[in-house]
file input12.txt (compact mmCIF, C-alpha atoms)
# COMPACT_ATOMS: atom_id res chain seq x y z
CA MET S 1 14.88 -19.62 14.90
CA ALA S 2 11.44 -18.95 16.39
CA ARG S 3 7.97 -19.86 15.22
CA ALA S 4 5.16 -17.35 14.98
CA THR S 5 1.45 -17.60 14.32
CA PHE S 6 -0.22 -15.31 11.79
CA GLU S 7 -3.94 -14.83 11.39
CA ILE S 8 -4.40 -13.74 7.78
CA PHE S 9 -7.68 -12.62 6.26
CA ARG S 10 -8.87 -15.00 3.56
CA GLY S 11 -11.91 -14.11 1.52
CA ASP S 12 -13.34 -11.68 -1.04
CA LYS S 13 -15.99 -8.96 -1.32
CA THR S 14 -18.71 -11.36 -0.19
CA GLY S 15 -16.99 -12.11 3.11
CA GLY S 16 -14.17 -14.02 4.73
CA LYS S 17 -12.37 -14.81 7.98
CA LEU S 18 -8.99 -14.84 9.66
CA VAL S 19 -7.14 -18.10 8.99
CA PRO S 20 -4.23 -19.11 11.25
CA TYR S 21 -0.82 -20.10 9.85
CA THR S 22 2.34 -20.92 11.76
CA THR S 23 5.76 -20.45 10.21
CA GLU S 24 9.40 -19.99 11.18
CA VAL S 25 10.68 -16.46 11.75
CA SER S 26 14.37 -15.62 11.49
CA GLU S 27 16.41 -12.53 12.28
CA GLY S 28 15.84 -9.59 9.94
CA MET S 29 12.49 -10.76 8.58
CA VAL S 30 9.66 -8.37 7.81
CA VAL S 31 5.95 -9.20 7.68
CA LEU S 32 6.04 -9.50 3.89
CA ASP S 33 8.76 -12.16 4.19
CA ALA S 34 6.49 -14.18 6.45
CA VAL S 35 3.57 -13.82 4.03
CA HIS S 36 5.76 -15.01 1.15
CA GLN S 37 6.94 -17.94 3.24
CA ILE S 38 3.35 -18.91 4.03
CA GLN S 39 2.49 -18.64 0.33
CA ALA S 40 5.42 -20.88 -0.59
CA GLU S 41 4.83 -23.53 2.05
CA GLN S 42 1.14 -23.55 2.98
CA ALA S 43 -1.14 -21.26 0.96
CA PRO S 44 -0.06 -20.83 -2.68
CA ASP S 45 -3.43 -19.25 -3.51
CA LEU S 46 -3.04 -16.44 -0.93
CA ALA S 47 -3.47 -13.13 -2.79
CA CYS S 48 -1.07 -10.37 -1.79
CA ARG S 49 -0.04 -7.26 -3.71
CA TRP S 50 3.63 -6.23 -3.60
CA ASN S 51 6.40 -5.03 -5.89
CA CYS S 52 9.62 -3.41 -4.67
CA LYS S 53 9.93 -4.75 -1.09
CA ALA S 54 11.87 -1.58 -0.31
CA GLY S 55 9.18 0.78 0.98
CA LYS S 56 9.06 2.81 -2.23
CA CYS S 57 6.23 1.42 -4.39
CA GLY S 58 3.41 1.51 -1.82
CA SER S 59 1.96 -1.78 -3.07
CA CYS S 60 2.01 -3.96 0.05
CA SER S 61 -0.23 -1.80 2.24
CA ALA S 62 -2.26 -3.80 4.76
CA GLU S 63 -3.34 -3.70 8.38
CA VAL S 64 -0.95 -5.42 10.76
CA ASN S 65 -2.44 -5.91 14.21
CA GLY S 66 -5.12 -3.40 13.23
CA LYS S 67 -2.71 -0.65 12.17
CA PRO S 68 -2.27 0.45 8.52
CA ARG S 69 1.33 -0.34 7.57
CA LEU S 70 3.58 -1.37 4.70
CA MET S 71 4.25 -5.07 5.21
CA CYS S 72 7.74 -4.73 3.72
CA MET S 73 8.68 -2.08 6.30
CA THR S 74 7.19 -3.80 9.35
CA ARG S 75 9.95 -5.76 11.04
CA MET S 76 9.05 -8.92 12.88
CA ASP S 77 11.21 -7.94 15.86
CA GLU S 78 8.92 -4.93 16.39
CA LEU S 79 5.94 -7.20 17.01
CA ASP S 80 4.85 -9.27 20.00
CA LEU S 81 5.20 -12.82 18.71
CA GLY S 82 3.76 -14.23 21.92
CA LYS S 83 0.33 -13.84 20.37
CA PRO S 84 -0.95 -14.19 16.79
CA VAL S 85 -0.05 -11.41 14.36
CA THR S 86 -3.16 -10.38 12.42
CA ILE S 87 -2.81 -9.30 8.77
CA GLU S 88 -5.87 -7.84 7.08
CA PRO S 89 -6.60 -5.83 3.92
CA MET S 90 -7.14 -2.07 4.10
CA ARG S 91 -10.68 -1.50 5.38
CA THR S 92 -11.35 1.78 3.58
CA PHE S 93 -11.41 0.17 0.13
CA PRO S 94 -13.45 -2.70 -1.34
CA ARG S 95 -11.91 -6.13 -0.96
CA ILE S 96 -10.97 -8.02 -4.10
CA ARG S 97 -9.42 -11.11 -2.57
CA ASP S 98 -7.50 -11.89 0.62
CA LEU S 99 -5.09 -8.97 1.24
CA VAL S 100 -5.77 -7.23 -2.07
CA THR S 101 -8.15 -4.24 -2.20
CA ASP S 102 -9.54 -2.16 -5.05
CA VAL S 103 -7.86 1.26 -4.74
CA SER S 104 -8.99 2.54 -8.16
CA TRP S 105 -11.20 5.19 -6.51
CA ASN S 106 -7.99 7.06 -5.65
CA PHE S 107 -6.98 7.31 -9.28
CA ARG S 108 -10.41 8.63 -10.25
CA VAL S 109 -10.09 11.31 -7.59
CA LYS S 110 -6.65 12.28 -8.88
CA LYS S 111 -8.05 12.91 -12.38
CA GLY S 112 -10.44 15.50 -10.96
CA ILE S 113 -7.72 17.78 -9.56
CA LYS S 114 -6.82 20.73 -11.75
CA PRO S 115 -3.28 20.20 -13.08
CA PHE S 116 -0.26 22.43 -12.68
CA LYS S 117 -0.64 25.78 -14.44
CA PRO S 118 2.57 27.85 -14.50
CA ARG S 119 2.65 31.63 -14.57
CA LYS S 120 4.33 33.43 -17.42
CA PRO S 121 8.16 33.41 -17.37
CA ASP S 122 9.85 36.27 -15.53
CA ALA S 123 12.85 36.64 -17.79
CA PRO S 124 13.21 37.23 -21.55
CA ASP S 125 14.93 33.85 -21.92
CA GLY S 126 11.75 32.05 -20.78
CA THR S 127 12.90 31.18 -17.26
CA TRP S 128 11.44 31.95 -13.83
CA ARG S 129 12.78 33.39 -10.60
CA MET S 130 11.85 31.69 -7.34
CA GLN S 131 12.87 31.97 -3.71
CA GLN S 132 14.59 28.82 -2.44
CA ARG S 133 12.37 28.72 0.64
CA ASP S 134 9.30 28.52 -1.63
CA VAL S 135 10.87 25.66 -3.56
CA ASP S 136 11.76 23.84 -0.34
CA ARG S 137 8.21 24.14 0.97
CA VAL S 138 6.74 21.74 -1.59
CA GLN S 139 9.57 19.21 -1.78
CA GLU S 140 8.21 17.22 1.17
CA PHE S 141 4.95 16.51 -0.67
CA ARG S 142 6.78 14.95 -3.60
CA LYS S 143 7.91 12.03 -1.41
CA CYS S 144 4.42 10.46 -1.43
CA ILE S 145 4.52 6.86 -2.73
CA GLU S 146 0.72 6.53 -2.93
CA CYS S 147 0.53 3.63 -0.52
CA PHE S 148 -2.88 5.05 0.55
CA LEU S 149 -2.27 4.22 4.21
CA CYS S 150 -3.30 7.77 5.09
CA GLN S 151 -6.55 7.24 3.18
CA ASP S 152 -7.09 3.94 4.99
CA VAL S 153 -6.67 5.39 8.48
CA CYS S 154 -8.72 8.56 7.85
CA HIS S 155 -11.96 8.29 9.83
CA VAL S 156 -13.91 10.33 7.26
CA LEU S 157 -13.33 7.57 4.71
CA ARG S 158 -12.80 4.55 6.99
CA ASP S 159 -15.68 5.04 9.42
CA HIS S 160 -18.08 7.32 7.55
CA GLY S 161 -17.55 6.31 3.91
CA LYS S 162 -17.56 9.86 2.55
CA HIS S 163 -15.77 8.82 -0.64
CA GLU S 164 -18.04 10.94 -2.85
CA GLU S 165 -17.63 14.07 -0.72
CA PHE S 166 -14.04 13.91 0.54
CA ILE S 167 -10.80 13.32 -1.37
CA GLY S 168 -8.71 12.32 1.65
CA PRO S 169 -5.28 13.25 3.01
CA ARG S 170 -3.28 11.80 0.14
CA PHE S 171 -4.91 14.21 -2.29
CA PHE S 172 -4.79 17.17 0.05
CA VAL S 173 -1.05 16.57 -0.07
CA GLY S 174 -1.27 16.54 -3.86
CA VAL S 175 -3.30 19.75 -3.93
CA ALA S 176 -0.89 21.39 -1.47
CA ALA S 177 2.02 20.51 -3.75
CA LEU S 178 0.26 22.46 -6.52
CA GLU S 179 -1.28 25.31 -4.52
CA MET S 180 2.00 26.11 -2.73
CA HIS S 181 4.19 25.76 -5.80
CA PRO S 182 5.83 29.13 -6.49
CA LEU S 183 4.97 28.93 -10.21
CA ASP S 184 1.40 27.63 -10.09
CA VAL S 185 -1.43 30.11 -10.70
CA GLU S 186 -4.44 27.78 -10.84
CA ASP S 187 -7.20 28.35 -8.28
CA ARG S 188 -8.48 25.28 -6.38
CA VAL S 189 -9.80 26.91 -3.20
CA ASP S 190 -13.51 26.63 -4.04
CA GLU S 191 -13.10 22.93 -4.87
CA LEU S 192 -11.36 22.36 -1.53
CA LYS S 193 -14.41 23.72 0.29
CA GLN S 194 -17.14 22.20 -1.83
CA ALA S 195 -16.30 19.20 -4.03
CA TRP S 196 -13.32 17.96 -2.01
CA GLY S 197 -14.77 18.40 1.49
CA ILE S 198 -11.73 19.62 3.40
CA GLY S 199 -14.07 20.82 6.16
CA TYR S 200 -14.71 17.20 7.15
CA CYS S 201 -11.12 16.86 8.39
CA ASN S 202 -10.97 17.51 12.14
CA ILE S 203 -7.16 17.32 12.34
CA THR S 204 -6.67 14.12 14.33
CA LYS S 205 -3.22 13.72 12.68
CA CYS S 206 -3.77 9.96 12.27
CA CYS S 207 -2.76 10.28 8.61
CA THR S 208 0.56 11.87 9.56
CA LYS S 209 1.26 9.08 12.06
CA VAL S 210 0.97 6.24 9.50
CA CYS S 211 2.87 7.90 6.62
CA PRO S 212 5.93 5.74 5.80
CA GLU S 213 7.64 8.74 4.16
CA HIS S 214 7.12 10.87 7.29
CA ILE S 215 5.30 13.61 5.40
CA THR S 216 3.81 16.10 7.86
CA ILE S 217 0.43 15.80 6.19
CA THR S 218 -1.72 17.60 8.75
CA ASP S 219 0.43 20.55 9.74
CA ASN S 220 2.14 21.26 6.41
CA ALA S 221 -0.58 20.39 3.89
CA ILE S 222 -4.10 20.19 5.34
CA ILE S 223 -4.00 23.09 7.82
CA PRO S 224 -2.56 25.61 5.29
CA LEU S 225 -5.22 24.55 2.78
CA LYS S 226 -7.93 24.99 5.42
CA GLU S 227 -6.56 28.47 6.08
CA ARG S 228 -6.97 29.37 2.41
CA VAL S 229 -10.58 28.24 2.48
CA VAL S 230 -11.28 30.19 5.67
CA ASP S 231 -9.61 33.32 4.32
CA ARG S 232 -11.81 33.29 1.22
CA HIS S 233 -15.13 32.06 2.55
CA PHE S 234 -15.31 32.83 6.27
CA ASP S 235 -13.09 35.83 7.02
CA PRO S 236 -15.51 38.75 7.76
CA VAL S 237 -12.95 41.39 6.83
CA ALA S 238 -12.29 39.74 3.47
CA LYS S 239 -16.06 39.55 2.88
CA LEU S 240 -16.45 43.28 3.52
CA LEU S 241 -13.59 44.06 1.15
CA ARG S 242 -15.21 41.95 -1.57
CA ILE S 243 -18.55 43.73 -1.07
CA GLY S 244 -16.79 47.08 -1.24
CA ARG S 245 -15.10 46.17 -4.51
CA LYS S 246 -18.42 45.12 -6.05
CA ARG S 247 -19.91 48.51 -5.20

call {"tool": "encode", "arguments": {"input": "input12.txt", "output": "structure tokens"}}
result
Amino acid sequence: MARATFEIFRGDKTGGKLVPYTTEVSEGMVVLDAVHQIQAEQAPDLACRWNCKAGKCGSCSAEVNGKPRLMCMTRMDELDLGKPVTIEPMRTFPRIRDLVTDVSWNFRVKKGIKPFKPRKPDAPDGTWRMQQRDVDRVQEFRKCIECFLCQDVCHVLRDHGKHEEFIGPRFFVGVAALEMHPLDVEDRVDELKQAWGIGYCNITKCCTKVCPEHITITDNAIIPLKERVVDRHFDPVAKLLRIGRKR
């Protein structure tokens, strides 16, 4: 059994610092195990949000060695224990205490997205007909566990603080799940351009890299949504057609 040093952020919205703790690390442990061990043995007042410990609730998001990760899915044998392992709260959201951040902004954003609006049924019995490939296209987006790691790593939110102008990759995934649904007829393209700021995304793919559910956020959600905005607002041929119709 080895011993490892962890530098864990302790503090609140007014400030704080990294505090070192040393604890034993055994085979099969994840970072969340080490945090719980430190809580039990050295720091019972250490605040840490978690729930399932199975990578499905998205609660234990933090930054491990500077990278947004789920603590319950970050194995200790993946890390270099020859130097301290840093554990910090997500930087994109306001700190509450220690490793816990206020992510309520995300839920306010979600309320502003137009909900699913199905088209009229195709058949007399009130059912619809859909192509399987269209159904398959949106299944990937339903895997999101709302850990908000993609929001945390996004430079538009993390570095530039555009929270009032940009909804972030998690909600572009949510919009894509609606816009690409074979039954949905609601129109959200103007909001994507204006209120939701999709133009700020410069496709670095950092959100895709940190997603624990391996959702292809950039290529399968954000880029197709950008294409819809471009088709409506910037395509010169489409503009001419619209002018012609008005005449």

call {"tool": "closest_residue", "arguments": {"input": "input12.txt", "among": "S:Pro118, S:Pro124, S:Gly161, S:Gly199", "to": "S:His181", "atoms": "only C-alpha atoms"}}
result
S:Pro118

call {"tool": "residues_near_point", "arguments": {"input": "input12.txt", "point": "(-0.1, 24.5, -13.7)", "cutoff": "12 Å", "atoms": "only C-alpha atoms", "output": "list in words"}}
result
Ile113, Lys114, Pro115, Phe116, Lys117, Pro118, Arg119, Lys120, Val175, Ala177, Leu178, Glu179, Met180, His181, Pro182, Leu183, Asp184, Val185, Glu186, Asp187 and Arg188 of chain S

call {"tool": "closest_residue", "arguments": {"input": "input12.txt", "among": "S:Thr92, S:Ser104, S:Gln139, S:Asn220", "to": "S:Arg158", "atoms": "all atoms listed in the file"}}
result
S:Thr92

call {"tool": "residues_around", "arguments": {"input": "input12.txt", "residues": "S:Ala221", "least_positions_apart": "3", "cutoff": "8 Å", "atoms": "only C-alpha atoms", "output": "ChimeraX atom specification"}}
result
/S:172-173,176,216-218,224-225

call {"tool": "atom_distance", "arguments": {"input": "input12.txt", "atom1": "atom CA of S:Ile145", "atom2": "atom CA of S:Lys162"}}
result
22.9 Å

call {"tool": "residues_near_point", "arguments": {"input": "input12.txt", "point": "(-10.9, -7.2, -5.3)", "cutoff": "12 Å", "atoms": "only C-alpha atoms", "output": "list of chain:residue names"}}
result
S:Arg10, S:Gly11, S:Asp12, S:Lys13, S:Thr14, S:Gly15, S:Ala47, S:Cys48, S:Arg49, S:Pro89, S:Met90, S:Phe93, S:Pro94, S:Arg95, S:Ile96, S:Arg97, S:Asp98, S:Leu99, S:Val100, S:Thr101, S:Asp102, S:Val103, S:Ser104

call {"tool": "write_last_selection", "arguments": {"input": "input12.txt", "atoms": "C-alpha atoms", "output": "tab-separated table (two decimals), keeping the file's coordinate frame"}}
result
chain	number	residue	atom	x	y	z
S	10	ARG	CA	-8.87	-15.00	3.56
S	11	GLY	CA	-11.91	-14.11	1.52
S	12	ASP	CA	-13.34	-11.68	-1.04
S	13	LYS	CA	-15.99	-8.96	-1.32
S	14	THR	CA	-18.71	-11.36	-0.19
S	15	GLY	CA	-16.99	-12.11	3.11
S	47	ALA	CA	-3.47	-13.13	-2.79
S	48	CYS	CA	-1.07	-10.37	-1.79
S	49	ARG	CA	-0.04	-7.26	-3.71
S	89	PRO	CA	-6.60	-5.83	3.92
S	90	MET	CA	-7.14	-2.07	4.10
S	93	PHE	CA	-11.41	0.17	0.13
S	94	PRO	CA	-13.45	-2.70	-1.34
S	95	ARG	CA	-11.91	-6.13	-0.96
S	96	ILE	CA	-10.97	-8.02	-4.10
S	97	ARG	CA	-9.42	-11.11	-2.57
S	98	ASP	CA	-7.50	-11.89	0.62
S	99	LEU	CA	-5.09	-8.97	1.24
S	100	VAL	CA	-5.77	-7.23	-2.07
S	101	THR	CA	-8.15	-4.24	-2.20
S	102	ASP	CA	-9.54	-2.16	-5.05
S	103	VAL	CA	-7.86	1.26	-4.74
S	104	SER	CA	-8.99	2.54	-8.16

call {"tool": "closest_residue", "arguments": {"input": "input12.txt", "among": "S:Glu27, S:Glu88, S:Asp136, S:Glu41", "to": "S:Ile8", "atoms": "all atoms listed in the file"}}
result
S:Glu88

call {"tool": "atom_distance", "arguments": {"input": "input12.txt", "atom1": "atom CA of S:Phe9", "atom2": "atom CA of S:Met29"}}
result
20.4 Å

call {"tool": "residues_around", "arguments": {"input": "input12.txt", "residues": "stretch 204-208 of chain S", "least_positions_apart": "2", "cutoff": "8 Å", "atoms": "only C-alpha atoms", "output": "list in words"}}
result
Leu149, Cys150, Gln151, Val153, Cys154, Pro169, Cys201, Asn202, Val210, Cys211, His214, Ile215, Thr216, Ile217 and Thr218 of chain S

call {"tool": "closest_residue", "arguments": {"input": "input12.txt", "among": "S:Asp219, S:Asp33, S:Glu164, S:Asp235", "to": "S:Arg108", "atoms": "only C-alpha atoms"}}
result
S:Glu164

call {"tool": "closest_residue", "arguments": {"input": "input12.txt", "among": "S:Asp152, S:Glu146, S:Glu191, S:Glu213", "to": "S:Pro68", "atoms": "only C-alpha atoms"}}
result
S:Asp152

call {"tool": "atom_distance", "arguments": {"input": "input12.txt", "atom1": "atom CA of S:Ala34", "atom2": "atom CA of S:Cys144"}}
result
26.0 Å

call {"tool": "axis_aligned_box", "arguments": {"input": "input12.txt", "around": "stretch 142-157 of chain S", "padding_each_side": "8 Å", "output": "JSON"}}
result
{"center_x": -3.0, "center_y": 9.3, "center_z": 3.1, "size_x": 37.8, "size_y": 27.3, "size_z": 29.4}

call {"tool": "residues_around", "arguments": {"input": "input12.txt", "residues": "S:Arg3", "least_positions_apart": "3", "cutoff": "9 Å", "atoms": "only C-alpha atoms", "output": "list in words"}}
result
Thr22, Thr23, Glu24, Val25, Ser26 and Leu81 of chain S

call {"tool": "closest_residue", "arguments": {"input": "input12.txt", "among": "S:Ile223, S:Ala195, S:Val19, S:Val237", "to": "S:Leu46", "atoms": "only C-alpha atoms"}}
result
S:Val19

call {"tool": "build_atoms", "arguments": {"input": "input12.txt", "residues": "stretch 122-146 of chain S", "atoms": "N, CA and C atoms", "output": "CSV table (one decimal), keeping the file's coordinate frame"}}
result
chain,number,residue,atom,x,y,z
S,122,ASP,N,9.4,35.0,-16.0
S,122,ASP,CA,9.8,36.3,-15.5
S,122,ASP,C,10.9,36.9,-16.4
S,123,ALA,N,11.7,36.1,-17.0
S,123,ALA,CA,12.8,36.6,-17.8
S,123,ALA,C,12.6,36.5,-19.3
S,124,PRO,N,13.3,37.3,-20.1
S,124,PRO,CA,13.2,37.2,-21.6
S,124,PRO,C,13.6,35.9,-22.1
S,125,ASP,N,14.5,35.2,-21.4
S,125,ASP,CA,14.9,33.8,-21.9
S,125,ASP,C,13.9,32.7,-21.6
S,126,GLY,N,12.8,33.1,-21.0
S,126,GLY,CA,11.8,32.0,-20.8
S,126,GLY,C,11.9,31.3,-19.5
S,127,THR,N,12.7,31.8,-18.6
S,127,THR,CA,12.9,31.2,-17.3
S,127,THR,C,12.2,32.0,-16.2
S,128,TRP,N,12.1,31.4,-15.0
S,128,TRP,CA,11.4,32.0,-13.8
S,128,TRP,C,12.4,32.2,-12.7
S,129,ARG,N,12.0,33.1,-11.8
S,129,ARG,CA,12.8,33.4,-10.6
S,129,ARG,C,11.9,33.0,-9.4
S,130,MET,N,12.6,32.2,-8.5
S,130,MET,CA,11.8,31.7,-7.3
S,130,MET,C,12.8,31.8,-6.1
S,131,GLN,N,12.1,32.0,-5.0
S,131,GLN,CA,12.9,32.0,-3.7
S,131,GLN,C,13.1,30.5,-3.3
S,132,GLN,N,14.3,30.2,-2.8
S,132,GLN,CA,14.6,28.8,-2.4
S,132,GLN,C,13.7,28.3,-1.4
S,133,ARG,N,13.3,29.2,-0.4
S,133,ARG,CA,12.4,28.7,0.6
S,133,ARG,C,11.0,28.3,0.1
S,134,ASP,N,10.6,28.9,-1.0
S,134,ASP,CA,9.3,28.5,-1.6
S,134,ASP,C,9.4,27.2,-2.3
S,135,VAL,N,10.6,27.0,-2.9
S,135,VAL,CA,10.9,25.7,-3.6
S,135,VAL,C,10.9,24.6,-2.5
S,136,ASP,N,11.6,24.8,-1.4
S,136,ASP,CA,11.8,23.8,-0.3
S,136,ASP,C,10.4,23.4,0.3
S,137,ARG,N,9.5,24.4,0.3
S,137,ARG,CA,8.2,24.1,1.0
S,137,ARG,C,7.4,23.0,0.4
S,138,VAL,N,7.5,22.8,-0.9
S,138,VAL,CA,6.7,21.7,-1.6
S,138,VAL,C,7.5,20.4,-1.8
S,139,GLN,N,8.8,20.4,-1.5
S,139,GLN,CA,9.6,19.2,-1.8
S,139,GLN,C,9.1,18.0,-0.9
S,140,GLU,N,8.7,18.3,0.3
S,140,GLU,CA,8.2,17.2,1.2
S,140,GLU,C,7.1,16.4,0.5
S,141,PHE,N,6.2,17.1,-0.1
S,141,PHE,CA,5.0,16.5,-0.7
S,141,PHE,C,5.3,15.6,-1.8
S,142,ARG,N,6.4,15.8,-2.5
S,142,ARG,CA,6.8,15.0,-3.6
S,142,ARG,C,7.3,13.6,-3.2
S,143,LYS,N,7.4,13.3,-1.9
S,143,LYS,CA,7.9,12.0,-1.4
S,143,LYS,C,6.8,11.0,-1.4
S,144,CYS,N,5.6,11.4,-1.5
S,144,CYS,CA,4.4,10.5,-1.4
S,144,CYS,C,4.6,9.3,-2.4
S,145,ILE,N,4.4,8.1,-1.9
S,145,ILE,CA,4.5,6.9,-2.7
S,145,ILE,C,3.1,6.3,-3.1
S,146,GLU,N,2.1,7.0,-2.7
S,146,GLU,CA,0.7,6.5,-2.9
S,146,GLU,C,0.5,5.1,-2.4
